[in-house]
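**Q** Take this structure first; my questions come after.
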Amino acid sequence: MSSLWGRVLRDLRNPLFRNGYALMANTAITATLGMGYWLLAAHFYTPEEFGRGQAMITAMRLFASLTALGLVGALSRFLPLAGRRIPELILRGYGLAAATGGVAALGFLLTLPLWGRTYSVLGAFGPGLFFLGSVLVWSVFTLQDVVLTGLRNATWVPLNNLVFGLAKMGLLVAMAGALPDGGIFTSWMVPTALALIPVNWLIFGVIVPRHMKRTETVQEPPRLRQIGRFLAGDFPGTLSILAIVYLVPTVVATRVDEATFGRFSMAHTLASMIELLAMNMAVSLTVEGSFDRSQLAENCRRALQRAFMIIVPIIVVVIAGAPLILSVFGEGFAAEGTTLLRLMALAVLPRVLIEVYLSVLRARSDARQLAFVQIGLAVLVLVAILALFPFAGVNAVGYGLLLSETLMALLIFKSLRKILILGDTRRTPVTQGSSGAA
């Protein structure tokens with residue numbers, strides 16, 4: 001036990017693991033509180049309102065993430081060494097994400113008849129305006145965690161989401177009687193908006209000045225042209241991955257009724273949390289790879305080892321206990337969601353390899369290969385799901401992910417293996433001290 005504790009302490013002195021573990025802890029907290037939130041929602045709200053709330057949140061996150069998720073790779077890659085340009089990059093990211101998301105959401109609201117009965121409630125002026133404002137808020141909320149990670153302060157992320165999760169659960173119960181229609185979406189967004197104030201005060205008032213002082217020896221902060229070239233390759237690929245994460249469930253919502261979508265979405269949400277664990281260590285790997293490229297291969301091996309060590313037992317538990325886990329929400333959830341949850345959990349295994357490989361490409365600014373892998377994966381997934389949906393229903397999402405991600409992992413395995421063995425021979429380190437405490 002003491003040796004295990006000593007190993008954990010050693011890991012926490014390494015920024016790669018410290019930030020990676022913090023993001024994984026955040027995912028665990030988010031998943032636990034998320035299950036509690038949706039369990040309360042299933043108890044206090046009707047099945048129709050439960051499904052409608054899930055659909056509203058999914059659509060909101062889709063539009064808010066159009067640019068926000070596209071900037072995750074760029075901020076993780078360039079923010080650590082941006083020096084005096086850090087505040088500018090953060091504000092530009094916030095503004096671009098909010099503006100793009102707002103325009104997309106406005107287009108969605110103007111074409112509501114095309115999106116099915118589930119979203120018809122947004123046709124009224126008040127709900128439509130609230131939805132539009134929610135997209136702007138979530139755009140910034142999404143990038144906050146990326147900024148904290150890019151500045152090597154991911155340990156604040158779990159605390160932020162712990163408070164956020166508890167607040168929205170309390171508001172959910174409080175609004176069950178006062179707002180039975182729309183209470184789920186409202187309880188999700190109000191704490192989100194309030195969280196922007198203290199977190200951004202922490203970022204701009206404390207963390208940014210401290211990080212700028214620590215990295216003041218960096219002589220050449222990234223130029224906008226350099227960031228633009230990176231985004232030209234990374235953004236289209238990330239946008240393609242976004243189609244898998246948010247567009248797929250949004251399209252499913254247009255094909256099934258609210259109650260069915262609610263049962264689908266619960267299994268999809270839980271499985272997505274496991275998938276997020278695979279991305280956590282990869283994001284930290286991108287940040288540390290930006291600091292010291294000479295350690296990229298070693299950090300890559302360590303990230304894979306830790307990721308599999310944590311994720312494999314979780315996948316085994318989920319596959320074995322899927323019916324029991326989903327039955328907490330009701331027998332209908334277990335009956336309709338067990339197969340989907342198992343398939344999506346199993347698909348996380350090849351996704352670990354893909355995410356680590358993508359993080360290496362971002363650290364090396366290999367925009368062309370980034371776009372190729374991400375767009376290729378998205379095309380494989382979407383084609384597989386569309387082809388299987390008439391035969392497998394909502395389980396087509398699980399089959400499509402498992403088949404496509406396994407195929408892509410096989411395609412990139414040779415290149416990833418070369419990186420693990422030979423390391424990065426393309427460029428020299430950009431700075432020193434990445435392996436020490438931040």
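Letters A, B, ... mark the chains of the structure tokens in the order given; residue numbers begin at 1 per chain; ligand numbers begin at 1, in order shown.
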Quick one: everything within 6 Å of stretch 320-333 of chain A, counting only C-alpha atoms, minus sequence neighbours fewer than 5 positions away in the same chain. Send it as a ChimeraX atom specification.

**A** /A:39,263,338

**Q** Using N, CA and C atoms, can you export the residues from the last selection as a PDB file, in the first residue's frame?

**A**
```
ATOM      1  N   LEU A  39     -30.965  10.908 -12.181  1.00  0.00           N
ATOM      2  CA  LEU A  39     -31.818  10.072 -11.331  1.00  0.00           C
ATOM      3  C   LEU A  39     -32.913  10.920 -10.688  1.00  0.00           C
ATOM      4  N   ARG A 263     -34.298   7.488 -22.687  1.00  0.00           N
ATOM      5  CA  ARG A 263     -33.661   6.216 -22.328  1.00  0.00           C
ATOM      6  C   ARG A 263     -32.376   5.993 -23.126  1.00  0.00           C
ATOM      7  N   THR A 338     -28.986  -1.213 -22.352  1.00  0.00           N
ATOM      8  CA  THR A 338     -27.876  -2.084 -21.939  1.00  0.00           C
ATOM      9  C   THR A 338     -26.899  -2.379 -23.077  1.00  0.00           C
TER      10      THR A 338
END
```

**Q** Give me the residues within 8 Å of A:Thr192 as a PyMOL selection string, counting only C-alpha atoms and dropping any in the same chain fewer than 2 places off.

**A** chain A and resi 137-138+141+164+188-190+194-196

**Q** Env of A:Ile385: 9 Å cut, atoms = only C-alpha atoms, seq-sep filter 3 positions within chain, self excluded. Answer as an MDAnalysis selection string.

**A** chainID A and resid 248 380:382 388:389 394:401

**Q** Can you write just those residues out, N, CA, C and O atoms, as a compact mmCIF listing (two decimals), in the first residue's frame?

**A**
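Below is the file that was written, out11.txt:
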```txt
# COMPACT_ATOMS: atom_id res chain seq x y z
N VAL A 248 -24.81 13.22 -33.62
CA VAL A 248 -25.46 11.91 -33.66
C VAL A 248 -26.66 11.85 -32.70
O VAL A 248 -27.77 11.49 -33.12
N LEU A 380 -16.29 7.38 -41.06
CA LEU A 380 -16.52 5.97 -40.77
C LEU A 380 -17.68 5.79 -39.80
O LEU A 380 -18.57 4.95 -40.01
N VAL A 381 -17.68 6.58 -38.73
CA VAL A 381 -18.73 6.45 -37.71
C VAL A 381 -20.11 6.80 -38.27
O VAL A 381 -21.08 6.05 -38.10
N LEU A 382 -20.21 7.95 -38.94
CA LEU A 382 -21.51 8.40 -39.44
C LEU A 382 -22.07 7.45 -40.49
O LEU A 382 -23.27 7.14 -40.49
N LEU A 388 -26.59 1.17 -40.30
CA LEU A 388 -27.09 0.18 -39.35
C LEU A 388 -28.39 0.59 -38.65
O LEU A 388 -29.08 -0.27 -38.09
N PHE A 389 -28.72 1.88 -38.67
CA PHE A 389 -29.87 2.37 -37.90
C PHE A 389 -31.18 1.67 -38.29
O PHE A 389 -31.98 1.33 -37.40
N VAL A 394 -31.41 2.44 -32.10
CA VAL A 394 -30.44 3.27 -31.39
C VAL A 394 -29.14 2.53 -31.09
O VAL A 394 -28.09 3.15 -30.90
N ASN A 395 -29.18 1.19 -31.07
CA ASN A 395 -27.94 0.42 -30.84
C ASN A 395 -26.95 0.57 -31.99
O ASN A 395 -25.78 0.24 -31.86
N ALA A 396 -27.43 1.10 -33.13
CA ALA A 396 -26.54 1.35 -34.27
C ALA A 396 -25.43 2.33 -33.88
O ALA A 396 -24.33 2.27 -34.44
N VAL A 397 -25.72 3.22 -32.94
CA VAL A 397 -24.70 4.16 -32.48
C VAL A 397 -23.54 3.40 -31.84
O VAL A 397 -22.37 3.69 -32.10
N GLY A 398 -23.85 2.40 -31.02
CA GLY A 398 -22.80 1.61 -30.38
C GLY A 398 -22.03 0.76 -31.37
O GLY A 398 -20.79 0.72 -31.33
N TYR A 399 -22.75 0.07 -32.25
CA TYR A 399 -22.06 -0.75 -33.26
C TYR A 399 -21.18 0.11 -34.17
O TYR A 399 -20.06 -0.27 -34.51
N GLY A 400 -21.71 1.26 -34.59
CA GLY A 400 -20.96 2.14 -35.47
C GLY A 400 -19.68 2.64 -34.83
O GLY A 400 -18.61 2.67 -35.47
N LEU A 401 -19.74 3.04 -33.56
CA LEU A 401 -18.55 3.52 -32.85
C LEU A 401 -17.52 2.41 -32.68
O LEU A 401 -16.33 2.62 -32.92
```

**Q** Give me every alpha helix (DSSP H) residue in stretch 17-156 of chain A, going by DSSP on the backbone, as a ChimeraX atom specification.

**A** /A:17-44,47-68,72-78,86-110,125-150,156

**Q** Would you mind listing what lies within 10 Å of A:Gly101 as a list of chain:residue names, with only C-alpha atoms counted and same-chain residues fewer than 3 positions away left out?

**A**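 That gives A:Met60, A:Arg61, A:Leu62, A:Phe63, A:Ala64, A:Ser65, A:Leu66, A:Thr67, A:Ala68, A:Gly95, A:Leu96, A:Ala97, A:Ala98, A:Ala104, A:Ala105, A:Leu106, A:Gly107, A:Leu132, A:Ser134, A:Val135, A:Leu136, A:Val137, A:Trp138, A:Ser139.
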
**Q** Please provide the set of residues having any atom within 7 Å of stretch 203-217 of chain A, restricted to only C-alpha atoms, with same-chain residues fewer than 3 positions apart removed, written as a list in words.

**A**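 Residues meeting the cut-off are Leu81, Gly83, Arg84, Leu151, Val199 and Asn200 of chain A.
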
**Q** For the selection you just gave me, I'd like the residues written to a file as a compact mmCIF listing (two decimals), in the first residue's frame, keeping N, CA, C and O atoms.

**A**
```
# COMPACT_ATOMS: atom_id res chain seq x y z
N LEU A 81 2.77 28.39 -23.81
CA LEU A 81 3.95 29.21 -24.08
C LEU A 81 3.60 30.52 -24.78
O LEU A 81 4.43 31.10 -25.46
N GLY A 83 2.99 33.40 -23.46
CA GLY A 83 3.58 34.57 -22.82
C GLY A 83 2.61 35.73 -22.68
O GLY A 83 1.49 35.58 -22.17
N ARG A 84 3.01 36.90 -23.15
CA ARG A 84 2.19 38.10 -23.01
C ARG A 84 0.90 38.04 -23.82
O ARG A 84 -0.01 38.86 -23.63
N LEU A 151 -2.88 26.18 -18.92
CA LEU A 151 -2.02 26.94 -18.02
C LEU A 151 -1.50 26.07 -16.87
O LEU A 151 -1.01 26.60 -15.87
N VAL A 199 -14.86 31.80 -11.80
CA VAL A 199 -13.81 31.05 -12.50
C VAL A 199 -12.96 31.98 -13.36
O VAL A 199 -11.72 31.88 -13.38
N ASN A 200 -13.59 32.91 -14.06
CA ASN A 200 -12.80 33.82 -14.90
C ASN A 200 -12.07 34.87 -14.08
O ASN A 200 -11.02 35.37 -14.51
```

**Q** Near stretch 113-122 of chain A, counting only C-alpha atoms, which residues have an atom at most 9 Å away, once you skip same-chain residues fewer than 5 positions from it, shown as a list in words?

**A** Gly51, Arg52, Ala55, Met56, Phe108, Pro127, Gly128, Leu129, Phe130, Phe131, Val251, Ala253, Thr254, Arg255, Asp257 and Glu258 of chain A

**Q** Any chance you can output those residues with all heavy atoms as a tab-separated table (two decimals), in the first residue's frame?

**A**
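To be explicit, this is the file written out as selection09.tsv:
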```
chain	number	residue	atom	x	y	z
A	51	GLY	N	-36.96	13.30	-21.42
A	51	GLY	CA	-36.38	13.20	-22.76
A	51	GLY	C	-36.22	14.55	-23.42
A	51	GLY	O	-35.22	14.82	-24.10
A	52	ARG	N	-37.19	15.45	-23.22
A	52	ARG	CA	-37.12	16.78	-23.82
A	52	ARG	C	-35.94	17.57	-23.23
A	52	ARG	O	-35.22	18.26	-23.94
A	52	ARG	CB	-38.43	17.54	-23.59
A	52	ARG	CG	-38.53	18.85	-24.37
A	52	ARG	CD	-39.86	19.56	-24.11
A	52	ARG	NE	-40.98	18.70	-24.46
A	52	ARG	CZ	-41.86	18.22	-23.58
A	52	ARG	NH1	-41.74	18.53	-22.29
A	52	ARG	NH2	-42.85	17.46	-23.97
A	55	ALA	N	-32.80	16.33	-24.75
A	55	ALA	CA	-32.67	16.79	-26.14
A	55	ALA	C	-32.25	18.26	-26.19
A	55	ALA	O	-31.43	18.65	-27.03
A	55	ALA	CB	-34.00	16.60	-26.87
A	56	MET	N	-32.81	19.10	-25.32
A	56	MET	CA	-32.47	20.52	-25.30
A	56	MET	C	-31.00	20.72	-24.94
A	56	MET	O	-30.28	21.52	-25.57
A	56	MET	CB	-33.35	21.27	-24.29
A	56	MET	CG	-34.81	21.29	-24.62
A	56	MET	SD	-35.18	22.14	-26.17
A	56	MET	CE	-36.91	21.72	-26.34
A	108	PHE	N	-30.69	27.48	-36.19
A	108	PHE	CA	-31.49	26.36	-35.70
A	108	PHE	C	-32.90	26.83	-35.31
A	108	PHE	O	-33.90	26.20	-35.67
A	108	PHE	CB	-30.78	25.75	-34.49
A	108	PHE	CG	-31.59	24.73	-33.72
A	108	PHE	CD1	-31.86	23.49	-34.25
A	108	PHE	CD2	-32.06	25.03	-32.45
A	108	PHE	CE1	-32.58	22.54	-33.54
A	108	PHE	CE2	-32.78	24.10	-31.73
A	108	PHE	CZ	-33.04	22.86	-32.27
A	127	PRO	N	-38.60	31.08	-24.56
A	127	PRO	CA	-37.74	29.90	-24.57
A	127	PRO	C	-36.64	29.96	-25.63
A	127	PRO	O	-35.52	29.51	-25.39
A	127	PRO	CB	-38.72	28.75	-24.86
A	127	PRO	CG	-40.04	29.26	-24.37
A	127	PRO	CD	-40.03	30.73	-24.64
A	128	GLY	N	-36.97	30.53	-26.81
A	128	GLY	CA	-35.96	30.65	-27.86
A	128	GLY	C	-34.81	31.55	-27.44
A	128	GLY	O	-33.64	31.24	-27.68
A	129	LEU	N	-35.14	32.69	-26.81
A	129	LEU	CA	-34.11	33.62	-26.36
A	129	LEU	C	-33.25	33.00	-25.26
A	129	LEU	O	-32.03	33.17	-25.23
A	129	LEU	CB	-34.76	34.91	-25.85
A	129	LEU	CG	-33.81	36.03	-25.45
A	129	LEU	CD1	-32.99	36.50	-26.65
A	129	LEU	CD2	-34.60	37.21	-24.85
A	130	PHE	N	-33.90	32.26	-24.35
A	130	PHE	CA	-33.16	31.59	-23.27
A	130	PHE	C	-32.20	30.55	-23.85
A	130	PHE	O	-31.06	30.41	-23.40
A	130	PHE	CB	-34.13	30.93	-22.30
A	130	PHE	CG	-33.47	30.30	-21.10
A	130	PHE	CD1	-33.03	31.10	-20.05
A	130	PHE	CD2	-33.28	28.93	-21.03
A	130	PHE	CE1	-32.41	30.52	-18.94
A	130	PHE	CE2	-32.65	28.35	-19.94
A	130	PHE	CZ	-32.23	29.16	-18.88
A	131	PHE	N	-32.66	29.81	-24.87
A	131	PHE	CA	-31.81	28.82	-25.52
A	131	PHE	C	-30.60	29.48	-26.18
A	131	PHE	O	-29.47	29.01	-26.06
A	131	PHE	CB	-32.62	28.05	-26.57
A	131	PHE	CG	-31.84	26.99	-27.30
A	131	PHE	CD1	-31.67	25.73	-26.74
A	131	PHE	CD2	-31.27	27.25	-28.53
A	131	PHE	CE1	-30.94	24.75	-27.41
A	131	PHE	CE2	-30.53	26.28	-29.21
A	131	PHE	CZ	-30.38	25.03	-28.64
A	251	VAL	N	-29.53	14.04	-33.98
A	251	VAL	CA	-30.26	13.42	-35.08
A	251	VAL	C	-31.16	12.30	-34.57
A	251	VAL	O	-32.30	12.13	-35.03
A	251	VAL	CB	-29.28	12.89	-36.14
A	251	VAL	CG1	-30.00	12.05	-37.18
A	251	VAL	CG2	-28.56	14.05	-36.82
A	253	ALA	N	-32.61	12.24	-31.78
A	253	ALA	CA	-33.77	12.90	-31.16
A	253	ALA	C	-34.84	13.25	-32.18
A	253	ALA	O	-36.02	13.35	-31.83
A	253	ALA	CB	-33.32	14.16	-30.41
A	254	THR	N	-34.46	13.46	-33.42
A	254	THR	CA	-35.45	13.79	-34.46
A	254	THR	C	-36.15	12.54	-34.99
A	254	THR	O	-37.14	12.67	-35.71
A	254	THR	CB	-34.78	14.53	-35.63
A	254	THR	OG1	-33.89	13.63	-36.32
A	254	THR	CG2	-34.00	15.75	-35.15
A	255	ARG	N	-35.64	11.35	-34.64
A	255	ARG	CA	-36.18	10.11	-35.20
A	255	ARG	C	-37.00	9.31	-34.20
A	255	ARG	O	-37.65	8.33	-34.58
A	255	ARG	CB	-35.05	9.24	-35.74
A	255	ARG	CG	-34.29	9.87	-36.89
A	255	ARG	CD	-33.38	8.87	-37.57
A	255	ARG	NE	-32.77	9.43	-38.77
A	255	ARG	CZ	-32.25	8.70	-39.74
A	255	ARG	NH1	-32.25	7.37	-39.64
A	255	ARG	NH2	-31.71	9.26	-40.81
A	257	ASP	N	-39.37	9.33	-30.23
A	257	ASP	CA	-40.14	10.19	-29.34
A	257	ASP	C	-39.31	10.57	-28.12
A	257	ASP	O	-38.24	10.02	-27.88
A	257	ASP	CB	-41.44	9.49	-28.92
A	257	ASP	CG	-41.17	8.17	-28.20
A	257	ASP	OD1	-40.71	8.21	-27.05
A	257	ASP	OD2	-41.41	7.10	-28.82
A	258	GLU	N	-39.86	11.53	-27.33
A	258	GLU	CA	-39.10	12.08	-26.20
A	258	GLU	C	-38.72	11.02	-25.18
A	258	GLU	O	-37.60	10.97	-24.68
A	258	GLU	CB	-39.90	13.19	-25.50
A	258	GLU	CG	-40.03	14.47	-26.29
A	258	GLU	CD	-41.35	14.52	-27.06
A	258	GLU	OE1	-41.87	13.43	-27.40
A	258	GLU	OE2	-41.85	15.62	-27.33
```

**Q** Could you check how far atom CA of A:Gly165 sits from atom CA of A:Leu33, in Å to one decimal?

**A**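 Between these atoms lies a distance of 5.8 Å.
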
**Q** With distances taken over only C-alpha atoms, which residue among A:Pro249, A:Gly182, A:Gly126, A:Gly133 lies nearest A:Gly102?

**A**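 Checking each of A:Pro249, A:Gly182, A:Gly126, A:Gly133 against A:Gly102, counting only C-alpha atoms, the winner is A:Gly133.
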
**Q** Can you tell me which residues surround A:Gly34 at a distance of at most 10 Å, considering only C-alpha atoms, apart from same-chain residues fewer than 6 positions away, and format the answer as a ChimeraX atom specification?

**A** /A:27-28,40,165-166,168-169,266,269-270,273

**Q** Which value, in Å to one decimal, gives the distance between atom CA of A:Gln369 and atom CA of A:Gly150?

**A**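 Computing it gives 22.2 Å between the two atoms.
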
**Q** So, counting only C-alpha atoms, which residue among A:Ala345, A:Val140, A:Ile57, A:Leu172 is closest to A:Tyr37?

**A**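 Using only C-alpha atoms, A:Tyr37 sits closest to A:Leu172.
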
**Q** Looking at only C-alpha atoms, which of A:Ala307, A:Tyr246, A:Leu416, A:Glu336 is the one that sits closest to A:Ala259?

**A**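 So, comparing all the options, the nearest one is A:Glu336.
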